[in-house]
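Trainee: Just dropping this structure here.
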Amino acid sequence: VQLQASGGGLVQAGGSLRLSCVASGRIFSNAALAWFRQAPGKEREFVASTWRGGGTKRYADSVKGRFTISTGGTKNTVYLQMNDLKPEDTAVYYCAAEDPSKGIWSGPDVVGSYDHWGQGTPVTVSS
């Protein structure tokens, strides 16, 4: 499985961006899909998660009400719509997919729960 993220860029505070992540290869129908981000000098942190087959979406408190995670028509694409961006949202954003067959699951907001990662797309929000 390969994940290809895109859509990052430079935006002013209050602006919007839409990130996309296309998965090639087999993604299980019950797999979790997520976005994480990593700012310079900080650890990778959870942003949002969903399930390929639909279900509960989860968001970090810092992005609730501003970001929306969704899947594409084939459900091999996961999006992150980011509105009302703030300078503290500046980071490299990574998409991730779980492989349920490996049986390693610590929750949707845990880095170690995910087996496949995209290359990251940078987002810079200027004040």
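Every chain in the structure tokens takes a letter, A first, then B, and so on in the order presented; its residues are numbered from 1, and the ligands are numbered from 1 following the presented order.
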Can you write out as JSON lines which residues of segment 1-89 of chain A fall within 9 Å of segment 119-123 of chain A, alongside each residue's closest atom pair and its distance in Å to one decimal, counting only C-alpha atoms and ordering rows by chain and ascending residue number?

Mentor:
{"residue": "A:Leu3", "atom": "CA", "partner": "A:Gln119", "partner_atom": "CA", "distance": 7.4}
{"residue": "A:Gln4", "atom": "CA", "partner": "A:Gln119", "partner_atom": "CA", "distance": 6.6}
{"residue": "A:Ala5", "atom": "CA", "partner": "A:Thr121", "partner_atom": "CA", "distance": 6.1}
{"residue": "A:Ser6", "atom": "CA", "partner": "A:Thr121", "partner_atom": "CA", "distance": 5.7}
{"residue": "A:Gly7", "atom": "CA", "partner": "A:Thr121", "partner_atom": "CA", "distance": 7.0}
{"residue": "A:Gly8", "atom": "CA", "partner": "A:Val123", "partner_atom": "CA", "distance": 4.9}
{"residue": "A:Gly9", "atom": "CA", "partner": "A:Val123", "partner_atom": "CA", "distance": 5.0}
{"residue": "A:Leu10", "atom": "CA", "partner": "A:Val123", "partner_atom": "CA", "distance": 6.1}
{"residue": "A:Val11", "atom": "CA", "partner": "A:Val123", "partner_atom": "CA", "distance": 7.8}
{"residue": "A:Leu17", "atom": "CA", "partner": "A:Val123", "partner_atom": "CA", "distance": 8.6}
{"residue": "A:Leu19", "atom": "CA", "partner": "A:Thr121", "partner_atom": "CA", "distance": 8.2}
{"residue": "A:Arg37", "atom": "CA", "partner": "A:Gly120", "partner_atom": "CA", "distance": 8.4}
{"residue": "A:Asp89", "atom": "CA", "partner": "A:Val123", "partner_atom": "CA", "distance": 7.6}

Trainee: Report as a PyMOL selection string: the residues of chain A with a DSSP assignment of strand (DSSP E or B), based on the backbone of this structure.

Mentor: chain A and resi 2-6+9-12+17-24+32-38+45-51+58-59+67-71+77-82+91-97+116-117+121-126

Trainee: Mind listing the helix (DSSP H, G or I) residues of segment 18-100 of chain A, per DSSP on the backbone, as a count of residues only?

Mentor: 4

Trainee: Which of these residues is nearest to Ile27 of chain A, using only C-alpha atoms: A:Gly15, A:Pro40, A:Gly53, A:Gly65?

Mentor: A:Gly53

Trainee: Find the spatial neighbours of Ser29 of chain A, counting only C-alpha atoms, within a cut-off of 10 Å - ignore same-chain residues fewer than 3 positions away - and output them as a ChimeraX atom specification.

Mentor: /A:26,32,51-54,75-76,99-100

Trainee: Return the single residue from A:Asn30, A:Met82, A:Tyr93, A:Gly72 that is closest to Gly55 of chain A, with distances computed using only C-alpha atoms.

Mentor: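 Of A:Asn30, A:Met82, A:Tyr93, A:Gly72, the one nearest Gly55 of chain A, counting only C-alpha atoms, is A:Asn30.
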
Trainee: Give me the residues within 9 Å of Glu45 of chain A as an NGL selection string, counting only C-alpha atoms and dropping any in the same chain fewer than 5 places off.

Mentor: :A and (35-39 or 60 or 109-111)

Trainee: Please produce a file of those selected residues containing all heavy atoms, as a PDB file, in the first residue's frame.

Mentor:
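So the final result, stored in part-v3.pdb, reads:
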ATOM      1  N   TRP A  35      -5.332  11.585   9.574  1.00  0.00           N
ATOM      2  CA  TRP A  35      -4.360  12.634   9.314  1.00  0.00           C
ATOM      3  C   TRP A  35      -3.653  12.967  10.629  1.00  0.00           C
ATOM      4  O   TRP A  35      -4.291  13.114  11.672  1.00  0.00           O
ATOM      5  CB  TRP A  35      -5.027  13.894   8.766  1.00  0.00           C
ATOM      6  CG  TRP A  35      -5.510  13.768   7.368  1.00  0.00           C
ATOM      7  CD1 TRP A  35      -6.767  13.419   6.953  1.00  0.00           C
ATOM      8  CD2 TRP A  35      -4.758  13.989   6.170  1.00  0.00           C
ATOM      9  NE1 TRP A  35      -6.830  13.412   5.588  1.00  0.00           N
ATOM     10  CE2 TRP A  35      -5.612  13.765   5.078  1.00  0.00           C
ATOM     11  CE3 TRP A  35      -3.433  14.371   5.907  1.00  0.00           C
ATOM     12  CZ2 TRP A  35      -5.197  13.888   3.747  1.00  0.00           C
ATOM     13  CZ3 TRP A  35      -3.022  14.504   4.591  1.00  0.00           C
ATOM     14  CH2 TRP A  35      -3.892  14.268   3.526  1.00  0.00           C
ATOM     15  N   PHE A  36      -2.342  13.070  10.536  1.00  0.00           N
ATOM     16  CA  PHE A  36      -1.505  13.541  11.629  1.00  0.00           C
ATOM     17  C   PHE A  36      -0.718  14.733  11.114  1.00  0.00           C
ATOM     18  O   PHE A  36      -0.660  14.989   9.921  1.00  0.00           O
ATOM     19  CB  PHE A  36      -0.549  12.434  12.085  1.00  0.00           C
ATOM     20  CG  PHE A  36      -1.186  11.325  12.860  1.00  0.00           C
ATOM     21  CD1 PHE A  36      -1.981  10.367  12.227  1.00  0.00           C
ATOM     22  CD2 PHE A  36      -1.023  11.223  14.237  1.00  0.00           C
ATOM     23  CE1 PHE A  36      -2.583   9.344  12.946  1.00  0.00           C
ATOM     24  CE2 PHE A  36      -1.614  10.190  14.960  1.00  0.00           C
ATOM     25  CZ  PHE A  36      -2.385   9.249  14.316  1.00  0.00           C
ATOM     26  N   ARG A  37      -0.083  15.453  12.015  1.00  0.00           N
ATOM     27  CA  ARG A  37       0.778  16.556  11.606  1.00  0.00           C
ATOM     28  C   ARG A  37       1.983  16.647  12.529  1.00  0.00           C
ATOM     29  O   ARG A  37       1.940  16.201  13.674  1.00  0.00           O
ATOM     30  CB  ARG A  37       0.013  17.879  11.594  1.00  0.00           C
ATOM     31  CG  ARG A  37      -0.448  18.362  12.962  1.00  0.00           C
ATOM     32  CD  ARG A  37      -1.338  19.594  12.796  1.00  0.00           C
ATOM     33  NE  ARG A  37      -1.754  20.121  14.097  1.00  0.00           N
ATOM     34  CZ  ARG A  37      -2.638  21.109  14.233  1.00  0.00           C
ATOM     35  NH1 ARG A  37      -3.206  21.677  13.158  1.00  0.00           N
ATOM     36  NH2 ARG A  37      -2.959  21.544  15.441  1.00  0.00           N
ATOM     37  N   GLN A  38       3.038  17.224  12.001  1.00  0.00           N
ATOM     38  CA  GLN A  38       4.252  17.372  12.776  1.00  0.00           C
ATOM     39  C   GLN A  38       4.858  18.734  12.492  1.00  0.00           C
ATOM     40  O   GLN A  38       5.254  19.032  11.354  1.00  0.00           O
ATOM     41  CB  GLN A  38       5.254  16.264  12.440  1.00  0.00           C
ATOM     42  CG  GLN A  38       6.466  16.246  13.347  1.00  0.00           C
ATOM     43  CD  GLN A  38       7.260  14.956  13.222  1.00  0.00           C
ATOM     44  OE1 GLN A  38       7.095  14.176  12.271  1.00  0.00           O
ATOM     45  NE2 GLN A  38       8.115  14.696  14.200  1.00  0.00           N
ATOM     46  N   ALA A  39       4.900  19.560  13.531  1.00  0.00           N
ATOM     47  CA  ALA A  39       5.510  20.875  13.424  1.00  0.00           C
ATOM     48  C   ALA A  39       7.008  20.750  13.722  1.00  0.00           C
ATOM     49  O   ALA A  39       7.438  19.798  14.391  1.00  0.00           O
ATOM     50  CB  ALA A  39       4.850  21.837  14.401  1.00  0.00           C
ATOM     51  N   ALA A  60      -8.932  16.104  16.829  1.00  0.00           N
ATOM     52  CA  ALA A  60      -8.211  16.719  17.928  1.00  0.00           C
ATOM     53  C   ALA A  60      -8.972  17.963  18.376  1.00  0.00           C
ATOM     54  O   ALA A  60      -9.603  18.642  17.555  1.00  0.00           O
ATOM     55  CB  ALA A  60      -6.798  17.096  17.492  1.00  0.00           C
ATOM     56  N   ASP A 109      -6.169   7.738  17.554  1.00  0.00           N
ATOM     57  CA  ASP A 109      -5.330   8.918  17.705  1.00  0.00           C
ATOM     58  C   ASP A 109      -3.888   8.574  18.054  1.00  0.00           C
ATOM     59  O   ASP A 109      -3.127   9.456  18.477  1.00  0.00           O
ATOM     60  CB  ASP A 109      -5.910   9.843  18.763  1.00  0.00           C
ATOM     61  CG  ASP A 109      -6.087   9.158  20.109  1.00  0.00           C
ATOM     62  OD1 ASP A 109      -6.020   7.918  20.163  1.00  0.00           O
ATOM     63  OD2 ASP A 109      -6.297   9.874  21.103  1.00  0.00           O
ATOM     64  N   VAL A 110      -3.512   7.326  17.867  1.00  0.00           N
ATOM     65  CA  VAL A 110      -2.175   6.863  18.232  1.00  0.00           C
ATOM     66  C   VAL A 110      -1.366   6.543  16.973  1.00  0.00           C
ATOM     67  O   VAL A 110      -1.815   5.775  16.119  1.00  0.00           O
ATOM     68  CB  VAL A 110      -2.257   5.612  19.134  1.00  0.00           C
ATOM     69  CG1 VAL A 110      -0.860   5.106  19.459  1.00  0.00           C
ATOM     70  CG2 VAL A 110      -3.033   5.929  20.405  1.00  0.00           C
ATOM     71  N   VAL A 111      -0.177   7.111  16.886  1.00  0.00           N
ATOM     72  CA  VAL A 111       0.671   6.896  15.711  1.00  0.00           C
ATOM     73  C   VAL A 111       0.903   5.414  15.443  1.00  0.00           C
ATOM     74  O   VAL A 111       0.835   4.958  14.296  1.00  0.00           O
ATOM     75  CB  VAL A 111       2.018   7.626  15.901  1.00  0.00           C
ATOM     76  CG1 VAL A 111       3.015   7.222  14.830  1.00  0.00           C
ATOM     77  CG2 VAL A 111       1.811   9.146  15.887  1.00  0.00           C
TER      78      VAL A 111
END

Trainee: Write out as a VMD selection string each polymer residue whose atoms come within 7 Å of Pro87 of chain A, counting only C-alpha atoms; drop sequence neighbours fewer than 4 positions from it.

Mentor: chain A and resid 13 125 to 127

Trainee: Write out as a PDB file with all heavy atoms, in the first residue's frame each polymer residue whose atoms come within 9 Å of Pro108 of chain A, counting only C-alpha atoms; drop sequence neighbours fewer than 3 positions from it.

Mentor:
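Once everything was written out, this is result_15.pdb:
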ATOM      1  N   ALA A  32      -8.990   1.996   9.483  1.00  0.00           N
ATOM      2  CA  ALA A  32      -9.026   3.386   9.933  1.00  0.00           C
ATOM      3  C   ALA A  32      -8.112   4.209   9.033  1.00  0.00           C
ATOM      4  O   ALA A  32      -7.043   3.751   8.618  1.00  0.00           O
ATOM      5  CB  ALA A  32      -8.550   3.487  11.376  1.00  0.00           C
ATOM      6  N   LEU A  33      -8.548   5.417   8.741  1.00  0.00           N
ATOM      7  CA  LEU A  33      -7.777   6.371   7.950  1.00  0.00           C
ATOM      8  C   LEU A  33      -7.632   7.637   8.778  1.00  0.00           C
ATOM      9  O   LEU A  33      -8.593   8.030   9.462  1.00  0.00           O
ATOM     10  CB  LEU A  33      -8.490   6.681   6.636  1.00  0.00           C
ATOM     11  CG  LEU A  33      -8.805   5.481   5.748  1.00  0.00           C
ATOM     12  CD1 LEU A  33      -9.710   5.906   4.597  1.00  0.00           C
ATOM     13  CD2 LEU A  33      -7.534   4.854   5.220  1.00  0.00           C
ATOM     14  N   ALA A  34      -6.478   8.261   8.711  1.00  0.00           N
ATOM     15  CA  ALA A  34      -6.272   9.406   9.596  1.00  0.00           C
ATOM     16  C   ALA A  34      -5.309  10.415   8.992  1.00  0.00           C
ATOM     17  O   ALA A  34      -4.591  10.125   8.031  1.00  0.00           O
ATOM     18  CB  ALA A  34      -5.735   8.938  10.947  1.00  0.00           C
ATOM     19  N   PHE A  46      -1.927  13.744  16.396  1.00  0.00           N
ATOM     20  CA  PHE A  46      -3.179  13.368  15.752  1.00  0.00           C
ATOM     21  C   PHE A  46      -3.978  14.609  15.356  1.00  0.00           C
ATOM     22  O   PHE A  46      -4.031  15.587  16.111  1.00  0.00           O
ATOM     23  CB  PHE A  46      -3.991  12.519  16.726  1.00  0.00           C
ATOM     24  CG  PHE A  46      -5.399  12.237  16.292  1.00  0.00           C
ATOM     25  CD1 PHE A  46      -5.658  11.292  15.310  1.00  0.00           C
ATOM     26  CD2 PHE A  46      -6.458  12.917  16.872  1.00  0.00           C
ATOM     27  CE1 PHE A  46      -6.951  11.032  14.913  1.00  0.00           C
ATOM     28  CE2 PHE A  46      -7.752  12.660  16.489  1.00  0.00           C
ATOM     29  CZ  PHE A  46      -8.008  11.709  15.510  1.00  0.00           C
ATOM     30  N   ALA A  48      -7.114  14.059  12.808  1.00  0.00           N
ATOM     31  CA  ALA A  48      -8.469  13.571  12.570  1.00  0.00           C
ATOM     32  C   ALA A  48      -8.421  12.137  12.059  1.00  0.00           C
ATOM     33  O   ALA A  48      -7.427  11.719  11.467  1.00  0.00           O
ATOM     34  CB  ALA A  48      -9.197  14.462  11.560  1.00  0.00           C
ATOM     35  N   SER A  49      -9.510  11.405  12.284  1.00  0.00           N
ATOM     36  CA  SER A  49      -9.583  10.031  11.797  1.00  0.00           C
ATOM     37  C   SER A  49     -10.998   9.692  11.360  1.00  0.00           C
ATOM     38  O   SER A  49     -11.975  10.312  11.815  1.00  0.00           O
ATOM     39  CB  SER A  49      -9.120   9.040  12.874  1.00  0.00           C
ATOM     40  OG  SER A  49     -10.016   9.051  13.973  1.00  0.00           O
ATOM     41  N   THR A  50     -11.081   8.696  10.501  1.00  0.00           N
ATOM     42  CA  THR A  50     -12.361   8.178  10.063  1.00  0.00           C
ATOM     43  C   THR A  50     -12.159   6.702   9.729  1.00  0.00           C
ATOM     44  O   THR A  50     -11.079   6.162   9.941  1.00  0.00           O
ATOM     45  CB  THR A  50     -12.888   8.977   8.858  1.00  0.00           C
ATOM     46  OG1 THR A  50     -14.224   8.549   8.553  1.00  0.00           O
ATOM     47  CG2 THR A  50     -12.016   8.771   7.629  1.00  0.00           C
ATOM     48  N   ARG A  58     -13.297  11.358  14.302  1.00  0.00           N
ATOM     49  CA  ARG A  58     -12.735  11.885  15.534  1.00  0.00           C
ATOM     50  C   ARG A  58     -11.768  13.009  15.179  1.00  0.00           C
ATOM     51  O   ARG A  58     -11.069  12.939  14.179  1.00  0.00           O
ATOM     52  CB  ARG A  58     -12.022  10.769  16.291  1.00  0.00           C
ATOM     53  CG  ARG A  58     -11.483  11.178  17.641  1.00  0.00           C
ATOM     54  CD  ARG A  58     -11.065   9.968  18.435  1.00  0.00           C
ATOM     55  NE  ARG A  58     -10.451  10.343  19.695  1.00  0.00           N
ATOM     56  CZ  ARG A  58     -10.158   9.479  20.661  1.00  0.00           C
ATOM     57  NH1 ARG A  58     -10.418   8.201  20.502  1.00  0.00           N
ATOM     58  NH2 ARG A  58      -9.586   9.898  21.772  1.00  0.00           N
ATOM     59  N   TRP A 105      -3.609  -2.302  17.385  1.00  0.00           N
ATOM     60  CA  TRP A 105      -4.535  -1.162  17.469  1.00  0.00           C
ATOM     61  C   TRP A 105      -4.525  -0.601  18.881  1.00  0.00           C
ATOM     62  O   TRP A 105      -4.787  -1.304  19.840  1.00  0.00           O
ATOM     63  CB  TRP A 105      -5.947  -1.602  17.084  1.00  0.00           C
ATOM     64  CG  TRP A 105      -6.929  -0.484  17.073  1.00  0.00           C
ATOM     65  CD1 TRP A 105      -7.961  -0.285  17.952  1.00  0.00           C
ATOM     66  CD2 TRP A 105      -6.974   0.611  16.148  1.00  0.00           C
ATOM     67  NE1 TRP A 105      -8.644   0.863  17.609  1.00  0.00           N
ATOM     68  CE2 TRP A 105      -8.058   1.433  16.521  1.00  0.00           C
ATOM     69  CE3 TRP A 105      -6.186   0.974  15.051  1.00  0.00           C
ATOM     70  CZ2 TRP A 105      -8.403   2.588  15.823  1.00  0.00           C
ATOM     71  CZ3 TRP A 105      -6.530   2.129  14.349  1.00  0.00           C
ATOM     72  CH2 TRP A 105      -7.611   2.917  14.738  1.00  0.00           C
ATOM     73  N   VAL A 111      -0.177   7.111  16.886  1.00  0.00           N
ATOM     74  CA  VAL A 111       0.671   6.896  15.711  1.00  0.00           C
ATOM     75  C   VAL A 111       0.903   5.414  15.443  1.00  0.00           C
ATOM     76  O   VAL A 111       0.835   4.958  14.296  1.00  0.00           O
ATOM     77  CB  VAL A 111       2.018   7.626  15.901  1.00  0.00           C
ATOM     78  CG1 VAL A 111       3.015   7.222  14.830  1.00  0.00           C
ATOM     79  CG2 VAL A 111       1.811   9.146  15.887  1.00  0.00           C
ATOM     80  N   SER A 113      -0.852   2.901  15.760  1.00  0.00           N
ATOM     81  CA  SER A 113      -1.991   2.121  15.263  1.00  0.00           C
ATOM     82  C   SER A 113      -1.983   1.999  13.742  1.00  0.00           C
ATOM     83  O   SER A 113      -2.699   1.182  13.185  1.00  0.00           O
ATOM     84  CB  SER A 113      -3.303   2.765  15.708  1.00  0.00           C
ATOM     85  OG  SER A 113      -3.465   2.676  17.108  1.00  0.00           O
ATOM     86  N   TYR A 114      -1.177   2.810  13.088  1.00  0.00           N
ATOM     87  CA  TYR A 114      -1.219   2.901  11.630  1.00  0.00           C
ATOM     88  C   TYR A 114       0.013   2.262  11.003  1.00  0.00           C
ATOM     89  O   TYR A 114       1.133   2.408  11.487  1.00  0.00           O
ATOM     90  CB  TYR A 114      -1.353   4.370  11.201  1.00  0.00           C
ATOM     91  CG  TYR A 114      -2.664   4.940  11.689  1.00  0.00           C
ATOM     92  CD1 TYR A 114      -2.757   5.553  12.932  1.00  0.00           C
ATOM     93  CD2 TYR A 114      -3.817   4.814  10.919  1.00  0.00           C
ATOM     94  CE1 TYR A 114      -3.975   6.032  13.403  1.00  0.00           C
ATOM     95  CE2 TYR A 114      -5.031   5.283  11.377  1.00  0.00           C
ATOM     96  CZ  TYR A 114      -5.100   5.897  12.617  1.00  0.00           C
ATOM     97  OH  TYR A 114      -6.302   6.362  13.076  1.00  0.00           O
TER      98      TYR A 114
END

Trainee: When you draw a straight line from atom CA of Phe67 of chain A to atom CA of Lys42 of chain A, how long is it in Å?

Mentor: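 About the pair atom CA of Phe67 of chain A and atom CA of Lys42 of chain A: they are 20.6 Å apart.
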
Trainee: How many Å separate atom CA of Val47 of chain A from atom CA of Glu88 of chain A?

Mentor: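 Separation between atom CA of Val47 of chain A and atom CA of Glu88 of chain A: 12.7 Å.
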
Trainee: What does the structure give for the distance between atom CA of Ser24 of chain A and atom CA of Lys102 of chain A, in Å to one decimal?

Mentor: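 Here the two named atoms are 18.5 Å from each other.
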